[in-house]
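Remarks on the structure that follows.
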Amino acid sequence: MNESSELAKKFRGRGGAGFVNAILRFLLRQGKEIAYPDFNREPALHLSVVHSHPYWLIQRWVTEMGIEKTIKLCTDNNRIPALTLRTNTLKINREELLRRLKEKGLNGLPCVFAEDGIRLEDPPPTSELPLLREGFYIIQDEASQLVTSILDPKPEEKILDACAGPGGKTTHMAQRIKNEGEIVAIDLSREKLARVNEASHRLGTRIVRTRNGDSSTPLPFLGEAKFDRILADVPCTGFGTLRKNPDLKWKRDEGDIRRLSRLQFSILENISRYLRPDGVLVYSTCTVFREENEEVVERFLEKHSGFDLDRVFAPLPGHCRVFIKDGYLKTFPDSEEMDGFFVARLIRRV
């Protein structure tokens, strides 16, 4: 009560603080007597209030997934997740990192699906994490790590990361090819590019070249360059990450879904011109809506007959194929403690 009142005072003055204080005191006195919307008559409204999710979002999920999965999803969204690390194998292997973390009093477990991943239960604040500044690991969700596995970069290849900030996947690609090749990392935000450069320096990835640019429009600095592999981890509504970003659900609405789907298609269409024949293009988001995922890819494939959807996901380890649905990788809502990611792997035939 005290913390909430002080926060209200900071942003709304004494009047705001008094209002918040009164509501919280009422909740303490009579909270158990509050009548919620009837589940049997208005299930979506009931779940919206009880689980603190926007009504429009609950309505969509109930329609698309049913009541039971929506309840599970809302419950999971309201839990604090474990912290996932990605071992920087340029400096250390996972077994050694697990041993050194244990020496520091941290309980780390190897991730099941990401070969370099480590899950920390009950971790300290990020600022107090040991061995982070030495570059032995980077904080990155397990599903996010699978994106690079699907791209499957090879040594000596030329790779384009079209929306690179803040650098988790960029540095993972450099790590996978052991600093043997070239990665051009583009982002519209100079602040995010600074984070890519910082991560590259800390982790020891020497082959990343950052460029400021808008990947939804032609990129003159690339000239006639053609790349062996392209990653388009596009801007999205981020609804697959609500456990880590709980305020996001109140900052986004259905208008953002439509707006971002147009941007995503523009990025995908624009960067596809820079892929060589037989090259691989991976499209990924950390959101859950068809408008930003399947519909963007299907629209692109209808317009560009020279591209095929790789439904097999050959580079992905066999035990990860449980996440492949309809030719796409989807870690949502059966996330196995992962964020909700969508990934499509496209091959250019001509």
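Residues are named by chain letter and number: chains run A, B, ... in the order of the structure tokens, numbers start at 1 in each chain, and ligands are numbered from 1 in the order shown.
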
> Tell me, which residues of region 287-331 of chain A carry DSSP helix (DSSP H, G or I), written as number ranges by chain?
Replying inline: A: 294-303, 318-323

Selection: 12 Å around Cys111 (chain A), only C-alpha atoms, excl. self and same-chain fewer than 2 positions, as a PDB file with N, CA and C atoms, in the first residue's frame:
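And here's result27.pdb as it stands now:
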```pdb
ATOM      1  N   ALA A  82      11.517 -18.202 -15.176  1.00  0.00           N
ATOM      2  CA  ALA A  82      12.938 -18.429 -14.894  1.00  0.00           C
ATOM      3  C   ALA A  82      13.768 -17.550 -15.827  1.00  0.00           C
ATOM      4  N   LEU A  83      15.022 -17.386 -15.496  1.00  0.00           N
ATOM      5  CA  LEU A  83      15.931 -16.614 -16.343  1.00  0.00           C
ATOM      6  C   LEU A  83      16.735 -17.587 -17.206  1.00  0.00           C
ATOM      7  N   THR A  84      16.765 -17.339 -18.518  1.00  0.00           N
ATOM      8  CA  THR A  84      17.463 -18.236 -19.441  1.00  0.00           C
ATOM      9  C   THR A  84      18.703 -17.555 -19.996  1.00  0.00           C
ATOM     10  N   LEU A  85      19.792 -18.284 -19.986  1.00  0.00           N
ATOM     11  CA  LEU A  85      21.067 -17.792 -20.501  1.00  0.00           C
ATOM     12  C   LEU A  85      21.445 -18.573 -21.755  1.00  0.00           C
ATOM     13  N   ARG A  86      22.256 -17.964 -22.586  1.00  0.00           N
ATOM     14  CA  ARG A  86      22.860 -18.682 -23.714  1.00  0.00           C
ATOM     15  C   ARG A  86      24.370 -18.700 -23.526  1.00  0.00           C
ATOM     16  N   THR A  87      24.920 -19.883 -23.392  1.00  0.00           N
ATOM     17  CA  THR A  87      26.357 -20.026 -23.222  1.00  0.00           C
ATOM     18  C   THR A  87      27.091 -19.460 -24.431  1.00  0.00           C
ATOM     19  N   ARG A  94      29.042 -25.308 -22.178  1.00  0.00           N
ATOM     20  CA  ARG A  94      27.916 -25.244 -21.242  1.00  0.00           C
ATOM     21  C   ARG A  94      28.217 -25.959 -19.929  1.00  0.00           C
ATOM     22  N   GLU A  95      28.858 -27.110 -19.985  1.00  0.00           N
ATOM     23  CA  GLU A  95      29.143 -27.862 -18.769  1.00  0.00           C
ATOM     24  C   GLU A  95      30.042 -27.075 -17.827  1.00  0.00           C
ATOM     25  N   LEU A  98      28.042 -24.181 -16.302  1.00  0.00           N
ATOM     26  CA  LEU A  98      27.173 -24.674 -15.232  1.00  0.00           C
ATOM     27  C   LEU A  98      27.962 -24.884 -13.940  1.00  0.00           C
ATOM     28  N   GLY A 108      21.763 -23.777 -11.866  1.00  0.00           N
ATOM     29  CA  GLY A 108      21.485 -23.750 -13.290  1.00  0.00           C
ATOM     30  C   GLY A 108      21.195 -25.143 -13.829  1.00  0.00           C
ATOM     31  N   LEU A 109      20.254 -25.226 -14.754  1.00  0.00           N
ATOM     32  CA  LEU A 109      19.909 -26.488 -15.391  1.00  0.00           C
ATOM     33  C   LEU A 109      20.042 -26.334 -16.899  1.00  0.00           C
ATOM     34  N   PHE A 113      15.824 -27.888 -25.099  1.00  0.00           N
ATOM     35  CA  PHE A 113      15.721 -27.731 -26.540  1.00  0.00           C
ATOM     36  C   PHE A 113      16.861 -26.915 -27.155  1.00  0.00           C
ATOM     37  N   ALA A 114      17.358 -25.918 -26.469  1.00  0.00           N
ATOM     38  CA  ALA A 114      18.465 -25.103 -26.978  1.00  0.00           C
ATOM     39  C   ALA A 114      19.779 -25.675 -26.454  1.00  0.00           C
ATOM     40  N   GLU A 115      20.662 -26.056 -27.351  1.00  0.00           N
ATOM     41  CA  GLU A 115      21.867 -26.784 -26.958  1.00  0.00           C
ATOM     42  C   GLU A 115      22.842 -25.950 -26.137  1.00  0.00           C
ATOM     43  N   ASP A 116      22.757 -24.634 -26.230  1.00  0.00           N
ATOM     44  CA  ASP A 116      23.641 -23.768 -25.444  1.00  0.00           C
ATOM     45  C   ASP A 116      22.932 -23.119 -24.266  1.00  0.00           C
ATOM     46  N   GLY A 117      21.654 -23.445 -24.062  1.00  0.00           N
ATOM     47  CA  GLY A 117      20.846 -22.754 -23.067  1.00  0.00           C
ATOM     48  C   GLY A 117      21.002 -23.287 -21.653  1.00  0.00           C
ATOM     49  N   ILE A 118      20.858 -22.371 -20.690  1.00  0.00           N
ATOM     50  CA  ILE A 118      20.874 -22.701 -19.261  1.00  0.00           C
ATOM     51  C   ILE A 118      19.725 -21.943 -18.601  1.00  0.00           C
ATOM     52  N   ARG A 119      18.967 -22.663 -17.771  1.00  0.00           N
ATOM     53  CA  ARG A 119      17.854 -22.029 -17.064  1.00  0.00           C
ATOM     54  C   ARG A 119      18.220 -21.845 -15.608  1.00  0.00           C
ATOM     55  N   LEU A 120      18.075 -20.612 -15.128  1.00  0.00           N
ATOM     56  CA  LEU A 120      18.360 -20.299 -13.724  1.00  0.00           C
ATOM     57  C   LEU A 120      17.053 -20.126 -12.969  1.00  0.00           C
ATOM     58  N   GLU A 121      16.841 -20.923 -11.949  1.00  0.00           N
ATOM     59  CA  GLU A 121      15.687 -20.762 -11.087  1.00  0.00           C
ATOM     60  C   GLU A 121      16.053 -19.814  -9.941  1.00  0.00           C
ATOM     61  N   GLN A 140      19.153 -14.725 -22.914  1.00  0.00           N
ATOM     62  CA  GLN A 140      18.362 -14.925 -24.134  1.00  0.00           C
ATOM     63  C   GLN A 140      17.399 -16.091 -23.924  1.00  0.00           C
ATOM     64  N   ASP A 141      16.132 -15.883 -24.234  1.00  0.00           N
ATOM     65  CA  ASP A 141      15.121 -16.921 -24.050  1.00  0.00           C
ATOM     66  C   ASP A 141      15.436 -18.145 -24.908  1.00  0.00           C
ATOM     67  N   GLU A 142      15.005 -19.310 -24.443  1.00  0.00           N
ATOM     68  CA  GLU A 142      15.295 -20.557 -25.150  1.00  0.00           C
ATOM     69  C   GLU A 142      14.669 -20.576 -26.543  1.00  0.00           C
ATOM     70  N   ALA A 143      13.437 -20.099 -26.672  1.00  0.00           N
ATOM     71  CA  ALA A 143      12.794 -20.063 -27.991  1.00  0.00           C
ATOM     72  C   ALA A 143      13.553 -19.156 -28.944  1.00  0.00           C
ATOM     73  N   GLN A 145      16.694 -18.654 -28.924  1.00  0.00           N
ATOM     74  CA  GLN A 145      17.908 -19.364 -29.340  1.00  0.00           C
ATOM     75  C   GLN A 145      17.629 -20.343 -30.480  1.00  0.00           C
ATOM     76  N   LEU A 146      16.414 -20.893 -30.521  1.00  0.00           N
ATOM     77  CA  LEU A 146      16.071 -21.853 -31.572  1.00  0.00           C
ATOM     78  C   LEU A 146      16.017 -21.196 -32.945  1.00  0.00           C
ATOM     79  N   CYS A 320      13.065 -31.266 -30.993  1.00  0.00           N
ATOM     80  CA  CYS A 320      12.430 -29.947 -31.052  1.00  0.00           C
ATOM     81  C   CYS A 320      11.236 -29.923 -32.001  1.00  0.00           C
ATOM     82  N   GLU A 336       6.571 -24.706 -22.793  1.00  0.00           N
ATOM     83  CA  GLU A 336       7.632 -25.406 -22.057  1.00  0.00           C
ATOM     84  C   GLU A 336       8.586 -24.405 -21.392  1.00  0.00           C
ATOM     85  N   GLU A 337       8.017 -23.404 -20.730  1.00  0.00           N
ATOM     86  CA  GLU A 337       8.807 -22.362 -20.064  1.00  0.00           C
ATOM     87  C   GLU A 337       9.537 -21.453 -21.063  1.00  0.00           C
ATOM     88  N   MET A 338       9.075 -21.430 -22.305  1.00  0.00           N
ATOM     89  CA  MET A 338       9.670 -20.546 -23.306  1.00  0.00           C
ATOM     90  C   MET A 338       8.725 -19.410 -23.640  1.00  0.00           C
TER      91      MET A 338
END
```

Set the distance at 12 Å and use only C-alpha atoms: which residues neighbour His51 (chain A) once local chain neighbours fewer than 5 positions away are removed? I'd like the list as a PDB file with N, CA and C atoms, in the first residue's frame.
```pdb
ATOM      1  N   TYR A  36     -17.212 -10.946  -8.983  1.00  0.00           N
ATOM      2  CA  TYR A  36     -16.637 -10.966 -10.331  1.00  0.00           C
ATOM      3  C   TYR A  36     -17.721 -11.333 -11.343  1.00  0.00           C
ATOM      4  N   PRO A  43     -17.829 -15.857 -19.772  1.00  0.00           N
ATOM      5  CA  PRO A  43     -16.503 -16.416 -19.449  1.00  0.00           C
ATOM      6  C   PRO A  43     -15.343 -15.506 -19.834  1.00  0.00           C
ATOM      7  N   ALA A  44     -15.427 -14.861 -20.981  1.00  0.00           N
ATOM      8  CA  ALA A  44     -14.320 -13.996 -21.416  1.00  0.00           C
ATOM      9  C   ALA A  44     -14.164 -12.800 -20.480  1.00  0.00           C
ATOM     10  N   LEU A  45     -15.282 -12.192 -20.090  1.00  0.00           N
ATOM     11  CA  LEU A  45     -15.218 -11.052 -19.177  1.00  0.00           C
ATOM     12  C   LEU A  45     -14.698 -11.486 -17.804  1.00  0.00           C
ATOM     13  N   HIS A  46     -15.148 -12.658 -17.349  1.00  0.00           N
ATOM     14  CA  HIS A  46     -14.676 -13.195 -16.073  1.00  0.00           C
ATOM     15  C   HIS A  46     -13.151 -13.365 -16.091  1.00  0.00           C
ATOM     16  N   LEU A  57      -8.408  -9.144 -25.895  1.00  0.00           N
ATOM     17  CA  LEU A  57      -7.418 -10.211 -26.033  1.00  0.00           C
ATOM     18  C   LEU A  57      -8.002 -11.559 -25.589  1.00  0.00           C
ATOM     19  N   ILE A  58      -8.703 -11.548 -24.461  1.00  0.00           N
ATOM     20  CA  ILE A  58      -9.334 -12.773 -23.977  1.00  0.00           C
ATOM     21  C   ILE A  58     -10.366 -13.289 -24.981  1.00  0.00           C
ATOM     22  N   THR A  70      -7.029 -20.944 -22.749  1.00  0.00           N
ATOM     23  CA  THR A  70      -6.952 -19.528 -22.397  1.00  0.00           C
ATOM     24  C   THR A  70      -6.684 -19.357 -20.906  1.00  0.00           C
ATOM     25  N   ILE A  71      -7.340 -20.169 -20.083  1.00  0.00           N
ATOM     26  CA  ILE A  71      -7.097 -20.108 -18.629  1.00  0.00           C
ATOM     27  C   ILE A  71      -5.645 -20.445 -18.313  1.00  0.00           C
ATOM     28  N   LYS A  72      -5.138 -21.501 -18.938  1.00  0.00           N
ATOM     29  CA  LYS A  72      -3.743 -21.891 -18.697  1.00  0.00           C
ATOM     30  C   LYS A  72      -2.788 -20.793 -19.135  1.00  0.00           C
ATOM     31  N   LEU A  73      -3.086 -20.209 -20.284  1.00  0.00           N
ATOM     32  CA  LEU A  73      -2.226 -19.160 -20.816  1.00  0.00           C
ATOM     33  C   LEU A  73      -2.214 -17.936 -19.912  1.00  0.00           C
ATOM     34  N   CYS A  74      -3.376 -17.510 -19.454  1.00  0.00           N
ATOM     35  CA  CYS A  74      -3.446 -16.353 -18.563  1.00  0.00           C
ATOM     36  C   CYS A  74      -2.704 -16.629 -17.252  1.00  0.00           C
ATOM     37  N   THR A  75      -2.872 -17.847 -16.733  1.00  0.00           N
ATOM     38  CA  THR A  75      -2.186 -18.224 -15.495  1.00  0.00           C
ATOM     39  C   THR A  75      -0.674 -18.179 -15.673  1.00  0.00           C
ATOM     40  N   ASP A  76      -0.202 -18.734 -16.799  1.00  0.00           N
ATOM     41  CA  ASP A  76       1.234 -18.725 -17.083  1.00  0.00           C
ATOM     42  C   ASP A  76       1.757 -17.302 -17.255  1.00  0.00           C
ATOM     43  N   ASN A  77       0.986 -16.450 -17.917  1.00  0.00           N
ATOM     44  CA  ASN A  77       1.414 -15.069 -18.146  1.00  0.00           C
ATOM     45  C   ASN A  77       1.623 -14.309 -16.842  1.00  0.00           C
ATOM     46  N   ASN A  78       0.912 -14.716 -15.798  1.00  0.00           N
ATOM     47  CA  ASN A  78       0.997 -14.010 -14.519  1.00  0.00           C
ATOM     48  C   ASN A  78       2.044 -14.598 -13.571  1.00  0.00           C
ATOM     49  N   ARG A  79       2.832 -15.556 -14.068  1.00  0.00           N
ATOM     50  CA  ARG A  79       3.919 -16.116 -13.261  1.00  0.00           C
ATOM     51  C   ARG A  79       5.243 -15.482 -13.656  1.00  0.00           C
ATOM     52  N   PRO A 246       4.735  -7.734 -18.558  1.00  0.00           N
ATOM     53  CA  PRO A 246       3.304  -7.775 -18.246  1.00  0.00           C
ATOM     54  C   PRO A 246       2.550  -6.501 -18.593  1.00  0.00           C
ATOM     55  N   LYS A 249       0.558  -5.791 -22.431  1.00  0.00           N
ATOM     56  CA  LYS A 249      -0.820  -6.078 -22.843  1.00  0.00           C
ATOM     57  C   LYS A 249      -1.731  -4.882 -22.700  1.00  0.00           C
TER      58      LYS A 249
END
```

>> Can you tell me which residues surround Lys158 (chain A) at a distance of at most 9 Å, considering only C-alpha atoms, apart from same-chain residues fewer than 6 positions away, and format the answer as a list in words?
In response: Gly181, Glu182, Ile183, Val184, Lys226, Phe227, Asp228, Arg229 and Ile230 of chain A

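Those residues of region 185-259 of chain A that DSSP, working from the backbone, places in strand (DSSP E or B) are Ala185, Ile186, Asp187, Val208, Arg209, Thr210, Arg211, Asn212, Phe227, Asp228, Arg229, Ile230, Leu231, Ala232 and Asp233 of chain A.
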
>> Taking 2 positions as the minimum chain separation for residues in the same chain, which residues sit within 10 Å of Ser266 (chain A) when counting only C-alpha atoms? Answer as a list in words.
In response: Ser215, Ser216, Thr217, Leu260, Ser261, Arg262, Leu263, Gln264, Leu268, Glu269, Asn270, Ile271, Val296 and Phe300 of chain A

Dump as a Markdown table the rows for residues of region 110-204 of chain A within 8 Å of region 301-318 of chain A: closest atom pair and distance in Å with one decimal, only C-alpha atoms counted, ordered by chain and rising residue number.
```
| residue | atom | partner | partner_atom | distance |
| --- | --- | --- | --- | --- |
| A:Ser149 | CA | A:Leu316 | CA | 6.2 |
| A:Ile150 | CA | A:Pro315 | CA | 5.8 |
| A:Leu151 | CA | A:Pro315 | CA | 7.8 |
| A:Asp152 | CA | A:Pro315 | CA | 6.2 |
```

Do you know which residues are at most 8 Å from Val147 (chain A) counting only C-alpha atoms, after dropping those on the same chain fewer than 6 positions away, and could you put them as a CSV table (one decimal) with N, CA and C atoms, in the first residue's frame?
```csv
chain,number,residue,atom,x,y,z
A,169,LYS,N,20.4,-12.6,-31.3
A,169,LYS,CA,20.5,-13.5,-32.4
A,169,LYS,C,21.7,-13.2,-33.3
A,282,VAL,N,14.8,-16.6,-42.9
A,282,VAL,CA,14.0,-17.0,-41.7
A,282,VAL,C,13.3,-15.8,-41.3
A,284,SER,N,10.8,-14.4,-38.3
A,284,SER,CA,10.4,-14.8,-36.9
A,284,SER,C,9.8,-13.6,-36.2
A,343,VAL,N,8.2,-19.0,-36.2
A,343,VAL,CA,9.4,-19.0,-37.1
A,343,VAL,C,9.0,-19.7,-38.4
```

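Straight-line separation from CA of Asn40 (chain A) to CA of Ile23 (chain A): 27.8 Å.
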
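Of the residues listed (A:Glu180, A:Ile139, A:Tyr283, A:Val196), A:Val196 shows the shortest atom-to-atom separation from Gly167 (chain A); distances use only C-alpha atoms.
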
> Any idea what's packed within 12 Å of Arg190 (chain A), counting only C-alpha atoms, ignoring anything in its chain fewer than 3 positions away? Could you give it as a list in words?
Replying inline: Cys163, Ala164, Gly165, Pro166, Ala185, Ile186, Asp187, Leu193, Ala194, Arg195, Val196, Asn197, Thr210, Arg211, Asn212, Gly213 and Asp214 of chain A
